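Engineer: My structure file work-v3.txt, compact mmCIF, C-alpha atoms (C1' of nucleotides), is below:
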```txt
# COMPACT_ATOMS: atom_id res chain seq x y z
CA MET A 22 80.84 65.55 91.75
CA GLU A 23 80.45 65.94 95.51
CA ASN A 24 80.97 62.21 95.88
CA VAL A 25 84.05 62.33 93.69
CA ARG A 26 85.38 65.20 95.81
CA ARG A 27 84.84 63.32 99.05
CA HIS A 28 86.58 60.23 97.80
CA LEU A 29 89.55 62.10 96.37
CA GLN A 30 89.82 64.00 99.64
CA GLN A 31 90.33 60.67 101.40
CA GLN A 32 92.55 59.20 98.73
CA ILE A 33 95.05 61.73 97.42
CA VAL A 34 95.49 64.55 99.94
CA ARG A 35 99.13 64.83 101.11
CA LYS A 36 100.42 62.80 98.17
CA THR A 37 103.31 64.28 96.20
CA VAL A 38 103.33 64.25 92.41
CA CYS A 39 106.51 62.95 90.81
CA GLN A 40 105.42 62.62 87.20
CA VAL A 41 102.50 63.58 84.98
CA GLU A 42 101.64 62.01 81.67
CA VAL A 43 99.21 63.81 79.38
CA ARG A 44 98.25 61.64 76.42
CA LEU A 45 95.37 63.75 75.15
CA PRO A 46 96.70 67.33 75.25
CA ARG A 47 93.33 68.69 74.12
CA LEU A 48 91.92 68.08 77.61
CA VAL A 49 94.40 70.55 79.08
CA ARG A 50 93.16 74.06 78.30
CA THR A 51 95.64 75.97 80.44
CA PRO A 52 98.53 76.21 80.22
CA ALA A 53 98.31 75.88 76.44
CA ASP A 54 101.37 73.63 76.45
CA ALA A 55 100.39 70.31 78.06
CA ALA A 56 104.04 69.49 78.80
CA GLU A 57 104.22 72.69 80.82
CA PHE A 58 101.09 71.52 82.70
CA GLY A 59 102.98 68.42 83.80
CA ARG A 60 106.17 70.28 84.67
CA ARG A 61 104.32 72.69 86.94
CA LEU A 62 102.65 69.87 88.85
CA GLU A 63 105.76 67.77 89.40
CA GLY A 64 107.09 68.05 92.95
CA GLY A 65 103.84 69.49 94.24
CA THR A 66 101.94 68.07 97.21
CA ILE A 67 98.16 67.96 97.16
CA GLN A 68 96.79 69.96 100.07
CA ALA A 69 93.02 69.90 99.68
CA ILE A 70 90.17 68.99 97.34
CA GLY A 71 87.30 71.39 96.83
CA ARG A 72 84.27 71.68 94.61
CA ARG A 73 82.33 74.58 93.16
CA GLY A 74 79.32 73.51 91.16
CA LYS A 75 80.53 70.74 88.87
CA TYR A 76 84.14 71.94 89.00
CA LEU A 77 86.58 69.87 90.99
CA LEU A 78 89.32 71.95 92.66
CA ILE A 79 92.63 70.32 93.54
CA TRP A 80 94.89 72.61 95.53
CA ILE A 81 98.48 71.72 94.87
CA PRO A 82 100.51 74.80 95.82
CA PRO A 83 101.44 76.98 94.13
CA HIS A 84 98.63 75.96 91.73
CA LEU A 85 94.96 75.14 91.61
CA LEU A 86 94.00 72.32 89.28
CA VAL A 87 90.48 72.98 88.02
CA SER A 88 89.01 69.80 86.59
CA HIS A 89 85.64 69.39 84.93
CA LEU A 90 84.51 65.82 84.22
CA ARG A 91 81.56 66.74 81.98
CA MET A 92 79.51 63.59 81.45
CA GLU A 93 81.94 60.72 81.65
CA GLY A 94 85.23 61.79 83.21
CA GLN A 95 86.48 59.48 85.95
CA TYR A 96 89.34 59.56 88.45
CA ARG A 97 90.75 56.33 89.82
CA LEU A 98 93.56 55.86 92.30
CA CYS A 99 95.54 52.76 91.35
CA SER A 100 98.78 51.03 92.09
CA ARG A 101 101.33 51.47 89.34
CA GLU A 102 101.01 47.79 88.42
CA ALA A 103 97.23 47.73 88.09
CA PRO A 104 96.09 47.05 84.52
CA GLU A 105 95.04 50.18 82.74
CA LEU A 106 91.51 50.70 81.50
CA PRO A 107 90.96 52.07 78.00
CA HIS A 108 90.43 55.83 77.48
CA THR A 109 92.96 56.78 80.14
CA HIS A 110 94.12 60.22 79.02
CA VAL A 111 96.04 61.67 81.97
CA VAL A 112 98.10 59.91 84.66
CA PHE A 113 99.38 61.61 87.83
CA ARG A 114 102.11 59.50 89.41
CA PHE A 115 102.83 59.92 93.13
CA THR A 116 106.03 59.36 95.09
CA ASP A 117 104.41 56.55 97.10
CA GLY A 118 104.02 54.34 94.04
CA THR A 119 100.33 54.99 93.49
CA GLU A 120 98.88 56.92 90.59
CA LEU A 121 95.71 58.85 89.84
CA ARG A 122 94.30 58.00 86.42
CA TYR A 123 91.87 60.17 84.52
CA ARG A 124 89.61 58.37 82.04
CA ASP A 125 87.13 60.03 79.72
CA VAL A 126 85.48 58.11 76.90
CA ARG A 127 83.85 61.15 75.37
CA GLN A 128 86.93 63.34 75.81
CA PHE A 129 84.74 66.23 76.89
CA GLY A 130 86.43 66.90 80.22
CA THR A 131 88.77 69.84 80.78
CA MET A 132 91.70 70.69 83.05
CA ASP A 133 93.01 74.14 83.85
CA LEU A 134 96.08 74.69 86.01
CA ILE A 135 95.94 78.13 87.60
CA PRO A 136 98.73 79.86 89.56
CA VAL A 137 97.72 80.76 93.12
CA PRO A 138 99.48 83.63 94.94
CA THR A 139 101.14 82.70 98.25
CA ALA A 140 99.12 85.34 100.07
CA GLY A 141 96.16 87.66 99.59
CA PRO A 142 92.61 87.37 98.25
CA GLY A 143 93.49 84.75 95.62
CA LEU A 144 94.84 82.36 98.24
CA ASP A 145 91.94 83.16 100.58
CA TRP A 146 89.40 82.30 97.88
CA VAL A 147 91.11 78.97 97.14
CA LEU A 148 91.25 78.08 100.84
CA THR A 149 87.57 78.89 101.25
CA ALA A 150 86.53 77.06 98.09
CA CYS A 151 88.35 73.95 99.30
CA GLN A 152 86.26 73.86 102.47
CA SER A 153 82.93 72.14 102.06
CA GLU A 154 79.81 74.14 102.95
CA ALA A 155 81.69 77.39 102.33
CA PRO A 156 79.35 80.26 101.46
CA PHE A 157 79.31 81.87 98.04
CA ALA A 158 82.06 84.37 97.32
CA ALA A 159 83.00 85.87 93.97
CA PRO A 160 86.58 85.00 93.04
CA PRO A 161 89.09 87.89 92.92
CA ASP A 162 90.31 89.06 89.51
CA GLU A 163 93.88 88.05 90.29
CA LEU A 164 92.92 84.37 89.92
CA ALA A 165 92.92 83.44 86.22
CA LEU A 166 90.03 80.99 86.59
CA PRO A 167 88.33 79.46 83.54
CA PRO A 168 85.27 81.57 82.61
CA GLY A 169 82.75 78.89 83.58
CA LEU A 170 84.11 78.84 87.12
CA ARG A 171 84.61 82.59 87.30
CA ASN A 172 80.97 83.25 86.37
CA LEU A 173 79.50 80.46 88.46
CA GLY A 174 76.38 81.27 90.45
CA PRO A 175 75.85 80.33 94.12
CA GLU A 176 75.54 76.77 95.38
CA PRO A 177 71.89 75.74 95.92
CA PHE A 178 72.69 74.93 99.57
CA ASP A 179 74.06 78.41 100.19
CA PRO A 180 71.84 79.98 102.87
CA GLN A 181 72.01 83.23 100.89
CA VAL A 182 69.91 81.50 98.23
CA THR A 183 66.28 81.87 99.24
CA ALA A 184 63.05 81.48 97.28
CA ARG A 185 62.95 85.25 96.93
CA VAL A 186 66.52 85.37 95.59
CA LEU A 187 65.80 82.56 93.16
CA ARG A 188 62.71 84.32 91.86
CA GLN A 189 64.71 87.50 91.50
CA ARG A 190 67.17 85.63 89.30
CA PHE A 191 64.25 84.36 87.20
CA ALA A 192 62.61 87.77 86.95
CA GLY A 193 62.07 89.13 83.45
CA ARG A 194 63.33 85.96 81.78
CA THR A 195 61.22 84.34 79.10
CA ALA A 196 63.37 81.23 78.74
CA PRO A 197 61.97 77.98 80.15
CA VAL A 198 62.61 77.55 83.86
CA LYS A 199 64.60 74.41 83.10
CA ALA A 200 67.02 76.42 80.94
CA LEU A 201 67.76 78.67 83.92
CA LEU A 202 68.19 75.71 86.27
CA LEU A 203 70.81 74.39 83.85
CA ASP A 204 72.43 77.84 83.53
CA GLN A 205 75.39 77.58 85.90
CA THR A 206 75.51 81.35 86.40
CA VAL A 207 72.02 81.25 87.95
CA VAL A 208 72.55 78.31 90.29
CA ALA A 209 75.63 76.09 90.31
CA GLY A 210 75.73 72.35 90.00
CA LEU A 211 72.52 71.16 88.37
CA GLY A 212 72.70 68.92 85.31
CA ASN A 213 69.97 67.47 83.14
CA ILE A 214 69.03 64.60 85.45
CA TYR A 215 68.69 66.63 88.64
CA ALA A 216 66.92 69.49 86.86
CA ASP A 217 64.21 67.10 85.62
CA GLU A 218 63.91 65.43 89.00
CA ALA A 219 63.68 68.71 90.91
CA LEU A 220 61.05 70.13 88.55
CA PHE A 221 58.99 66.98 88.93
CA GLN A 222 59.27 67.06 92.70
CA ALA A 223 58.21 70.72 92.70
CA GLY A 224 55.27 69.96 90.39
CA LEU A 225 56.56 72.53 87.92
CA HIS A 226 56.52 72.16 84.14
CA PRO A 227 60.08 72.54 82.72
CA ALA A 228 58.89 74.76 79.86
CA TRP A 229 57.17 77.25 82.16
CA PRO A 230 58.66 80.69 81.45
CA ALA A 231 61.08 81.42 84.27
CA GLY A 232 59.78 84.94 84.76
CA HIS A 233 56.31 83.55 85.53
CA VAL A 234 57.48 81.45 88.48
CA SER A 235 55.84 82.69 91.68
CA VAL A 236 57.61 83.03 95.04
CA ARG A 237 55.61 80.04 96.21
CA GLN A 238 56.73 77.96 93.22
CA ALA A 239 60.31 79.15 93.66
CA ALA A 240 60.17 77.97 97.26
CA SER A 241 59.05 74.46 96.37
CA LEU A 242 61.56 74.36 93.50
CA LEU A 243 64.45 75.34 95.79
CA ALA A 244 63.34 72.79 98.38
CA ALA A 245 63.11 70.15 95.65
CA VAL A 246 66.57 71.00 94.27
CA ARG A 247 68.10 70.66 97.73
CA ASP A 248 66.24 67.44 98.50
CA VAL A 249 67.14 65.80 95.19
CA LEU A 250 70.82 66.71 95.54
CA GLU A 251 70.90 65.58 99.17
CA ARG A 252 69.36 62.23 98.32
CA ALA A 253 71.62 61.77 95.30
CA ILE A 254 74.73 62.48 97.38
CA ALA A 255 73.54 60.08 100.08
CA ALA A 256 72.99 57.40 97.44
CA GLY A 257 76.49 57.89 96.05
CA GLY A 258 75.49 59.68 92.84
CA SER A 259 73.57 58.63 89.73
CA SER A 260 75.09 55.96 87.53
CA VAL A 261 72.68 56.29 84.65
CA LYS A 262 75.33 55.36 82.20
CA THR A 263 78.90 55.25 83.39
CA PHE A 264 79.40 57.33 86.52
CA VAL A 265 81.76 55.84 89.09
CA ASP A 266 83.30 57.45 92.16
CA GLY A 267 86.98 57.56 93.13
CA TYR A 268 86.88 53.90 94.15
CA GLY A 269 85.25 52.84 90.89
CA ARG A 270 81.93 52.30 92.64
CA HIS A 271 78.64 53.02 90.92
CA GLY A 272 76.13 55.34 92.53
CA GLY A 273 72.65 54.23 93.52
CA PHE A 274 70.45 57.23 92.81
CA GLN A 275 69.44 55.99 89.37
CA TRP A 276 67.09 53.62 91.19
CA GLU A 277 65.36 56.55 92.85
CA LEU A 278 64.76 58.61 89.71
CA ALA A 279 61.10 59.51 89.33
CA VAL A 280 61.04 60.79 85.75
CA TYR A 281 64.49 60.89 84.13
CA GLY A 282 64.91 58.12 81.57
CA ARG A 283 61.45 56.76 82.41
CA SER A 284 59.37 57.87 79.45
CA GLY A 285 56.34 55.63 79.02
CA LEU A 286 56.70 54.23 82.53
CA PRO A 287 54.22 55.11 85.29
CA CYS A 288 54.73 58.25 87.37
CA PRO A 289 55.62 57.10 90.91
CA ARG A 290 53.11 59.58 92.32
CA CYS A 291 50.04 59.26 90.05
CA ALA A 292 50.88 56.40 87.64
CA SER A 293 50.35 58.50 84.52
CA PRO A 294 52.85 57.60 81.78
CA ILE A 295 55.95 59.81 81.86
CA GLU A 296 56.41 61.87 78.69
CA LYS A 297 59.62 62.85 77.00
CA LEU A 298 59.92 66.35 75.52
CA ARG A 299 62.70 68.58 74.29
CA VAL A 300 63.15 71.70 76.41
CA ALA A 301 66.18 73.99 76.41
CA GLY A 302 67.69 71.71 73.77
CA ARG A 303 67.80 68.76 76.16
CA GLY A 304 65.84 65.58 76.61
CA THR A 305 63.24 66.43 79.25
CA HIS A 306 61.03 64.10 81.25
CA VAL A 307 57.72 65.13 82.77
CA CYS A 308 54.62 63.71 84.35
CA PRO A 309 51.80 65.42 82.39
CA ARG A 310 49.50 65.24 85.41
CA CYS A 311 51.86 66.22 88.24
CA GLN A 312 53.50 68.94 86.12
CA PRO A 313 50.58 70.48 84.25
CA TRP A 314 51.18 72.93 81.44
CA PRO A 315 49.51 76.20 82.44
CA ARG A 316 46.18 76.59 80.59
CA ARG A 317 46.65 80.27 79.99
CA LEU A 318 49.89 79.64 78.14
CA ALA A 319 48.58 76.60 76.30
CA GLN A 320 46.25 78.89 74.37
CA ALA A 321 49.09 81.21 73.42
CA GLY A 322 50.64 78.35 71.49
CA ARG A 323 52.89 75.48 72.33
CA THR A 324 56.63 75.79 71.96
CA VAL A 325 57.20 72.31 73.30
CA ARG A 326 57.63 69.62 70.73
CA ARG A 327 56.69 66.09 71.67
CA ARG A 328 59.25 63.41 70.98
CA ARG A 329 58.72 59.74 70.46
CA ASN A 330 58.77 57.65 73.56
CA ASN A 331 61.83 56.01 75.00
CA PRO A 332 64.21 55.82 72.05
CA GLY A 333 66.19 53.35 74.06
CA GLY A 334 69.59 54.73 74.85
CA ALA A 335 68.72 57.41 77.31
CA GLY A 336 68.58 55.80 80.64
CA MET A 337 66.97 53.43 82.98
CA GLN A 338 64.54 50.87 81.81
CA SER A 339 61.90 49.36 84.03
CA GLU A 340 64.23 46.57 85.11
CA GLY A 341 64.83 46.85 88.82
CA LEU A 342 62.82 49.99 89.35
CA ARG A 343 60.25 50.17 92.10
C1' DC B 8 71.81 91.31 76.79
C1' DA B 9 68.73 87.24 76.06
C1' DT B 10 67.86 83.32 73.53
C1' DG B 11 68.36 79.24 70.82
C1' DG B 12 70.97 76.25 68.02
C1' DG B 13 75.34 74.08 66.61
C1' DT B 14 79.67 71.93 68.16
C1' DC B 15 82.89 68.88 70.36
C1' DC B 16 83.27 63.26 71.18
C1' DT B 17 82.40 58.07 71.39
C1' DG B 18 79.54 54.05 72.08
C1' DA B 19 75.09 52.13 72.09
C1' DG B 20 70.99 51.45 69.85
C1' DT B 21 68.02 51.24 65.62
C1' DG B 22 66.53 50.27 60.98
C1' DC B 23 67.27 48.68 56.46
C1' DT C 11 76.35 40.76 58.79
C1' DG C 12 77.22 45.42 57.73
C1' DC C 13 76.53 50.05 57.46
C1' DA C 14 74.42 54.63 58.01
C1' DC C 15 72.10 57.12 61.06
C1' DT C 16 70.48 59.06 65.65
C1' DC C 17 71.04 60.03 70.34
C1' DA C 18 73.19 61.25 74.83
C1' DG C 19 74.90 65.92 77.27
C1' DG C 20 78.11 70.51 79.73
C1' DA C 21 80.02 74.30 78.39
C1' DC C 22 81.27 77.19 74.89
C1' DC C 23 80.71 79.71 70.46
C1' DC C 24 77.99 82.18 67.38
C1' DA C 25 73.91 84.26 64.92
C1' DT C 26 69.78 86.65 65.52
```
Would you give me this structure, written as structure tokens?

Structural biologist:
Amino acid sequence: MENVRRHLQQQIVRKTVCQVEVRLPRLVRTPADAAEFGRRLEGGTIQAIGRRGKYLLIWIPPHLLVSHLRMEGQYRLCSREAPELPHTHVVFRFTDGTELRYRDVRQFGTMDLIPVPTAGPGLDWVLTACQSEAPFAAPPDELALPPGLRNLGPEPFDPQVTARVLRQRFAGRTAPVKALLLDQTVVAGLGNIYADEALFQAGLHPAWPAGHVSVRQAASLLAAVRDVLERAIAAGGSSVKTFVDGYGRHGGFQWELAVYGRSGLPCPRCASPIEKLRVAGRGTHVCPRCQPWPRRLAQAGRTVRRRRNNPGGAGMQSEGLR
DNA sequence: CATGGGTCCTGAGTGC
DNA sequence: TGCACTCAGGACCCAT
């Protein structure tokens, strides 16, 4: 998402919308009437592109367009004549003859168009959120943000987030630590791939009860989360299946994945075969040696079910790795 | 409140 | 070849 934001920042800021075509109204959550969504955008000029967690923020006064791509949403800036790819659900036409096309095979993405006051805390929050590296600030009530964005936790790079703070957020929780990493109200921005990679890098088992994570473990986990995200951004994102950035380019981080989608393949650190489990309802990849299950808990009974190896669809095969 | 499971959706893969 | 079935996952909804 950070790569998408950066590319859109270069591509569509200062463009003026002249027409909007919504072909799959279900993607537009607010306003309820998708035609109204288009009408409100027409005539507006895009001022800035921000990001909070996995939410893309497009500031087009007097509105904020909150866009979530889920797994497979894609934005592409095209000339009006360029042939259209299938699964194009929303088209934003600009006065300069270009258009921004939103594609989404799975149709899971969402768009919310939120009114932004011309002054006051609502505007201030939007301005701050559209600056990269802005520290965490709770949005004011006057902004009618979608609940997922309203309740979003801090960015992992926020200096306010320390190992101690992270452990505090884990305290008293019995859910697996991976479930809390994926919980966007705890920390913003981690999905299944980066959660698995960070846990591996921290040497922490995903099913470890979050409340049992020590300050020391929280510190290595936070460092791992930051390192994984930094490397993924530098590589242009992870194109495990279909991800492309605003120029249609694939990312490169899938070649650096240590465990995700690599069940049965050797751990890059110790060469043990990577195992695939189900934790927090998601496919979960671990190195059984680098991420040992705590002995004390093993006796209390396993809650982790083993799954058969590499059912095929999930991700990278050995081709090209290493 | 915390937790876990079902749901949305389509395409790719698998097995018979 | 064709068809039924499973799987992938982010956020949301719901039952316990």

Engineer: Might you pull out every residue within 9 Å of segment 13-26 of chain C, with only C-alpha atoms (C1' of nucleotides) counted and same-chain residues fewer than 5 positions away left off, and present them as a list in words?

Structural biologist: Arg91, Met92, Phe129, Gly169, Gly212, Asn213, Arg303, Gly304, Pro332, Gly334 and Ala335 of chain A; DT10, DG13, DT14, DG20, DT21 and DG22 of chain B

Engineer: Name the closest residue to chain C among the candidates A:Gly174, A:Pro83, A:Pro107, A:Gly282; distances are taken between atoms, counting all atoms listed in the file.

Structural biologist: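 With all atoms listed in the file as the atom set, the closest residue is A:Gly282.
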
Engineer: Hey, what's within 6 Å of Thr195 of chain A if we count only C-alpha atoms (C1' of nucleotides) and toss same-chain stuff fewer than 6 positions away? As a list in words, please?

Structural biologist: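 Skipping anything fewer than 6 positions along the chain leaves Pro230, Ala231 and Gly232 of chain A.
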
Engineer: What is the distance, in Å and to one decimal place, between atom CA of Ala253 of chain A and atom CA of Arg124 of chain A?

Structural biologist: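 Distance between the two atoms: 22.6 Å.
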
Engineer: Give me, as a PyMOL selection string, the residues of chain B touching chain A, with the criterion being at most 10 Å (counting all atoms listed in the file).

Structural biologist: chain B and resi 9-12+15-21

Engineer: What does the distance between atom CA of Arg185 of chain A and atom CA of Leu203 of chain A come to in Å, to one decimal place?

Structural biologist: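 Answer for the atom CA of Arg185 of chain A to atom CA of Leu203 of chain A separation: 18.7 Å.
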
Engineer: Could you state the separation of atom CA of Lys199 of chain A and atom CA of Pro161 of chain A in Å, given to one decimal place?

Structural biologist: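 These atoms are spaced 29.6 Å apart.
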
Engineer: Listed atoms of segment 99-103 of chain A, axis-aligned box, 4 Å per side: centre and edge lengths to one decimal in Å, as lines of an AutoDock Vina configuration file?

Structural biologist:
```
center_x = 98.4
center_y = 50.2
center_z = 90.1
size_x = 13.8
size_y = 13.0
size_z = 12.0
```

Engineer: For a quick check of understanding, using all atoms listed in the file, which of A:Gly273, A:Gly224, A:Gly64, A:Gly258 has the smallest distance to Leu242 of chain A?

Structural biologist: A:Gly224

Engineer: So that I can see what lies close to segment 155-160 of chain A, please list as a ChimeraX atom specification the residues with an atom at most 8 Å from it, counting all atoms listed in the file and leaving out residues fewer than 2 positions away in the same chain.

Structural biologist: /A:143,146,149-150,152-153,162,164,171,175-176,179-181

Engineer: Is it possible to produce a file of segment 88-119 of chain A from this structure, with N, CA and C atoms, as a PDB file, in the first residue's frame?

Structural biologist:
```pdb
ATOM      1  N   SER A  88      -9.965   4.518   0.377  1.00  0.00           N
ATOM      2  CA  SER A  88     -10.001   3.352  -0.505  1.00  0.00           C
ATOM      3  C   SER A  88      -9.208   2.206   0.122  1.00  0.00           C
ATOM      4  N   HIS A  89      -9.856   1.053   0.209  1.00  0.00           N
ATOM      5  CA  HIS A  89      -9.157  -0.140   0.696  1.00  0.00           C
ATOM      6  C   HIS A  89      -9.115  -1.166  -0.421  1.00  0.00           C
ATOM      7  N   LEU A  90      -7.919  -1.635  -0.757  1.00  0.00           N
ATOM      8  CA  LEU A  90      -7.753  -2.536  -1.910  1.00  0.00           C
ATOM      9  C   LEU A  90      -7.931  -4.000  -1.535  1.00  0.00           C
ATOM     10  N   ARG A  91      -8.044  -4.296  -0.241  1.00  0.00           N
ATOM     11  CA  ARG A  91      -8.061  -5.694   0.215  1.00  0.00           C
ATOM     12  C   ARG A  91      -6.928  -6.457  -0.466  1.00  0.00           C
ATOM     13  N   MET A  92      -7.238  -7.637  -1.030  1.00  0.00           N
ATOM     14  CA  MET A  92      -6.148  -8.449  -1.571  1.00  0.00           C
ATOM     15  C   MET A  92      -5.734  -8.041  -2.975  1.00  0.00           C
ATOM     16  N   GLU A  93      -6.696  -7.716  -3.816  1.00  0.00           N
ATOM     17  CA  GLU A  93      -6.362  -7.654  -5.240  1.00  0.00           C
ATOM     18  C   GLU A  93      -6.769  -6.374  -5.945  1.00  0.00           C
ATOM     19  N   GLY A  94      -7.144  -5.344  -5.197  1.00  0.00           N
ATOM     20  CA  GLY A  94      -7.475  -4.073  -5.832  1.00  0.00           C
ATOM     21  C   GLY A  94      -6.237  -3.442  -6.475  1.00  0.00           C
ATOM     22  N   GLN A  95      -6.450  -2.797  -7.603  1.00  0.00           N
ATOM     23  CA  GLN A  95      -5.335  -2.165  -8.322  1.00  0.00           C
ATOM     24  C   GLN A  95      -5.783  -0.838  -8.913  1.00  0.00           C
ATOM     25  N   TYR A  96      -4.920   0.165  -8.817  1.00  0.00           N
ATOM     26  CA  TYR A  96      -5.146   1.436  -9.512  1.00  0.00           C
ATOM     27  C   TYR A  96      -4.160   1.556 -10.656  1.00  0.00           C
ATOM     28  N   ARG A  97      -4.666   1.992 -11.808  1.00  0.00           N
ATOM     29  CA  ARG A  97      -3.782   2.219 -12.949  1.00  0.00           C
ATOM     30  C   ARG A  97      -4.168   3.526 -13.604  1.00  0.00           C
ATOM     31  N   LEU A  98      -3.159   4.377 -13.842  1.00  0.00           N
ATOM     32  CA  LEU A  98      -3.389   5.598 -14.606  1.00  0.00           C
ATOM     33  C   LEU A  98      -3.168   5.288 -16.079  1.00  0.00           C
ATOM     34  N   CYS A  99      -4.167   5.610 -16.898  1.00  0.00           N
ATOM     35  CA  CYS A  99      -4.112   5.247 -18.312  1.00  0.00           C
ATOM     36  C   CYS A  99      -4.544   6.433 -19.159  1.00  0.00           C
ATOM     37  N   SER A 100      -4.187   6.386 -20.420  1.00  0.00           N
ATOM     38  CA  SER A 100      -4.797   7.318 -21.362  1.00  0.00           C
ATOM     39  C   SER A 100      -6.196   6.793 -21.662  1.00  0.00           C
ATOM     40  N   ARG A 101      -7.049   7.697 -22.141  1.00  0.00           N
ATOM     41  CA  ARG A 101      -8.439   7.302 -22.353  1.00  0.00           C
ATOM     42  C   ARG A 101      -8.550   6.223 -23.432  1.00  0.00           C
ATOM     43  N   GLU A 102      -7.560   6.189 -24.321  1.00  0.00           N
ATOM     44  CA  GLU A 102      -7.618   5.261 -25.452  1.00  0.00           C
ATOM     45  C   GLU A 102      -7.084   3.875 -25.090  1.00  0.00           C
ATOM     46  N   ALA A 103      -6.339   3.793 -24.021  1.00  0.00           N
ATOM     47  CA  ALA A 103      -5.687   2.512 -23.688  1.00  0.00           C
ATOM     48  C   ALA A 103      -6.732   1.418 -23.512  1.00  0.00           C
ATOM     49  N   PRO A 104      -6.462   0.225 -24.051  1.00  0.00           N
ATOM     50  CA  PRO A 104      -7.426  -0.868 -23.907  1.00  0.00           C
ATOM     51  C   PRO A 104      -7.663  -1.187 -22.442  1.00  0.00           C
ATOM     52  N   GLU A 105      -8.900  -1.523 -22.146  1.00  0.00           N
ATOM     53  CA  GLU A 105      -9.264  -1.727 -20.742  1.00  0.00           C
ATOM     54  C   GLU A 105      -9.088  -3.180 -20.331  1.00  0.00           C
ATOM     55  N   LEU A 106      -8.506  -3.382 -19.176  1.00  0.00           N
ATOM     56  CA  LEU A 106      -8.348  -4.726 -18.646  1.00  0.00           C
ATOM     57  C   LEU A 106      -9.671  -5.174 -18.026  1.00  0.00           C
ATOM     58  N   PRO A 107      -9.880  -6.504 -17.983  1.00  0.00           N
ATOM     59  CA  PRO A 107     -11.111  -6.994 -17.353  1.00  0.00           C
ATOM     60  C   PRO A 107     -11.134  -6.672 -15.859  1.00  0.00           C
ATOM     61  N   HIS A 108     -12.321  -6.711 -15.268  1.00  0.00           N
ATOM     62  CA  HIS A 108     -12.539  -6.453 -13.838  1.00  0.00           C
ATOM     63  C   HIS A 108     -12.277  -5.004 -13.469  1.00  0.00           C
ATOM     64  N   THR A 109     -12.443  -4.101 -14.416  1.00  0.00           N
ATOM     65  CA  THR A 109     -12.359  -2.675 -14.104  1.00  0.00           C
ATOM     66  C   THR A 109     -13.724  -2.229 -13.609  1.00  0.00           C
ATOM     67  N   HIS A 110     -13.792  -1.790 -12.353  1.00  0.00           N
ATOM     68  CA  HIS A 110     -15.078  -1.519 -11.712  1.00  0.00           C
ATOM     69  C   HIS A 110     -15.374  -0.040 -11.511  1.00  0.00           C
ATOM     70  N   VAL A 111     -14.317   0.783 -11.415  1.00  0.00           N
ATOM     71  CA  VAL A 111     -14.515   2.219 -11.236  1.00  0.00           C
ATOM     72  C   VAL A 111     -13.504   2.948 -12.121  1.00  0.00           C
ATOM     73  N   VAL A 112     -13.964   4.005 -12.810  1.00  0.00           N
ATOM     74  CA  VAL A 112     -13.075   4.806 -13.642  1.00  0.00           C
ATOM     75  C   VAL A 112     -13.224   6.273 -13.250  1.00  0.00           C
ATOM     76  N   PHE A 113     -12.098   6.911 -12.926  1.00  0.00           N
ATOM     77  CA  PHE A 113     -12.073   8.350 -12.623  1.00  0.00           C
ATOM     78  C   PHE A 113     -11.449   9.053 -13.827  1.00  0.00           C
ATOM     79  N   ARG A 114     -12.248   9.828 -14.542  1.00  0.00           N
ATOM     80  CA  ARG A 114     -11.708  10.522 -15.716  1.00  0.00           C
ATOM     81  C   ARG A 114     -11.254  11.920 -15.317  1.00  0.00           C
ATOM     82  N   PHE A 115     -10.082  12.327 -15.834  1.00  0.00           N
ATOM     83  CA  PHE A 115      -9.521  13.637 -15.514  1.00  0.00           C
ATOM     84  C   PHE A 115      -9.633  14.571 -16.701  1.00  0.00           C
ATOM     85  N   THR A 116      -9.540  15.875 -16.404  1.00  0.00           N
ATOM     86  CA  THR A 116      -9.705  16.890 -17.455  1.00  0.00           C
ATOM     87  C   THR A 116      -8.556  16.868 -18.462  1.00  0.00           C
ATOM     88  N   ASP A 117      -7.432  16.258 -18.100  1.00  0.00           N
ATOM     89  CA  ASP A 117      -6.287  16.245 -19.025  1.00  0.00           C
ATOM     90  C   ASP A 117      -6.317  15.054 -19.983  1.00  0.00           C
ATOM     91  N   GLY A 118      -7.418  14.301 -19.966  1.00  0.00           N
ATOM     92  CA  GLY A 118      -7.534  13.199 -20.919  1.00  0.00           C
ATOM     93  C   GLY A 118      -7.052  11.862 -20.380  1.00  0.00           C
ATOM     94  N   THR A 119      -6.462  11.862 -19.198  1.00  0.00           N
ATOM     95  CA  THR A 119      -6.065  10.598 -18.585  1.00  0.00           C
ATOM     96  C   THR A 119      -7.196  10.092 -17.698  1.00  0.00           C
TER      97      THR A 119
END
```
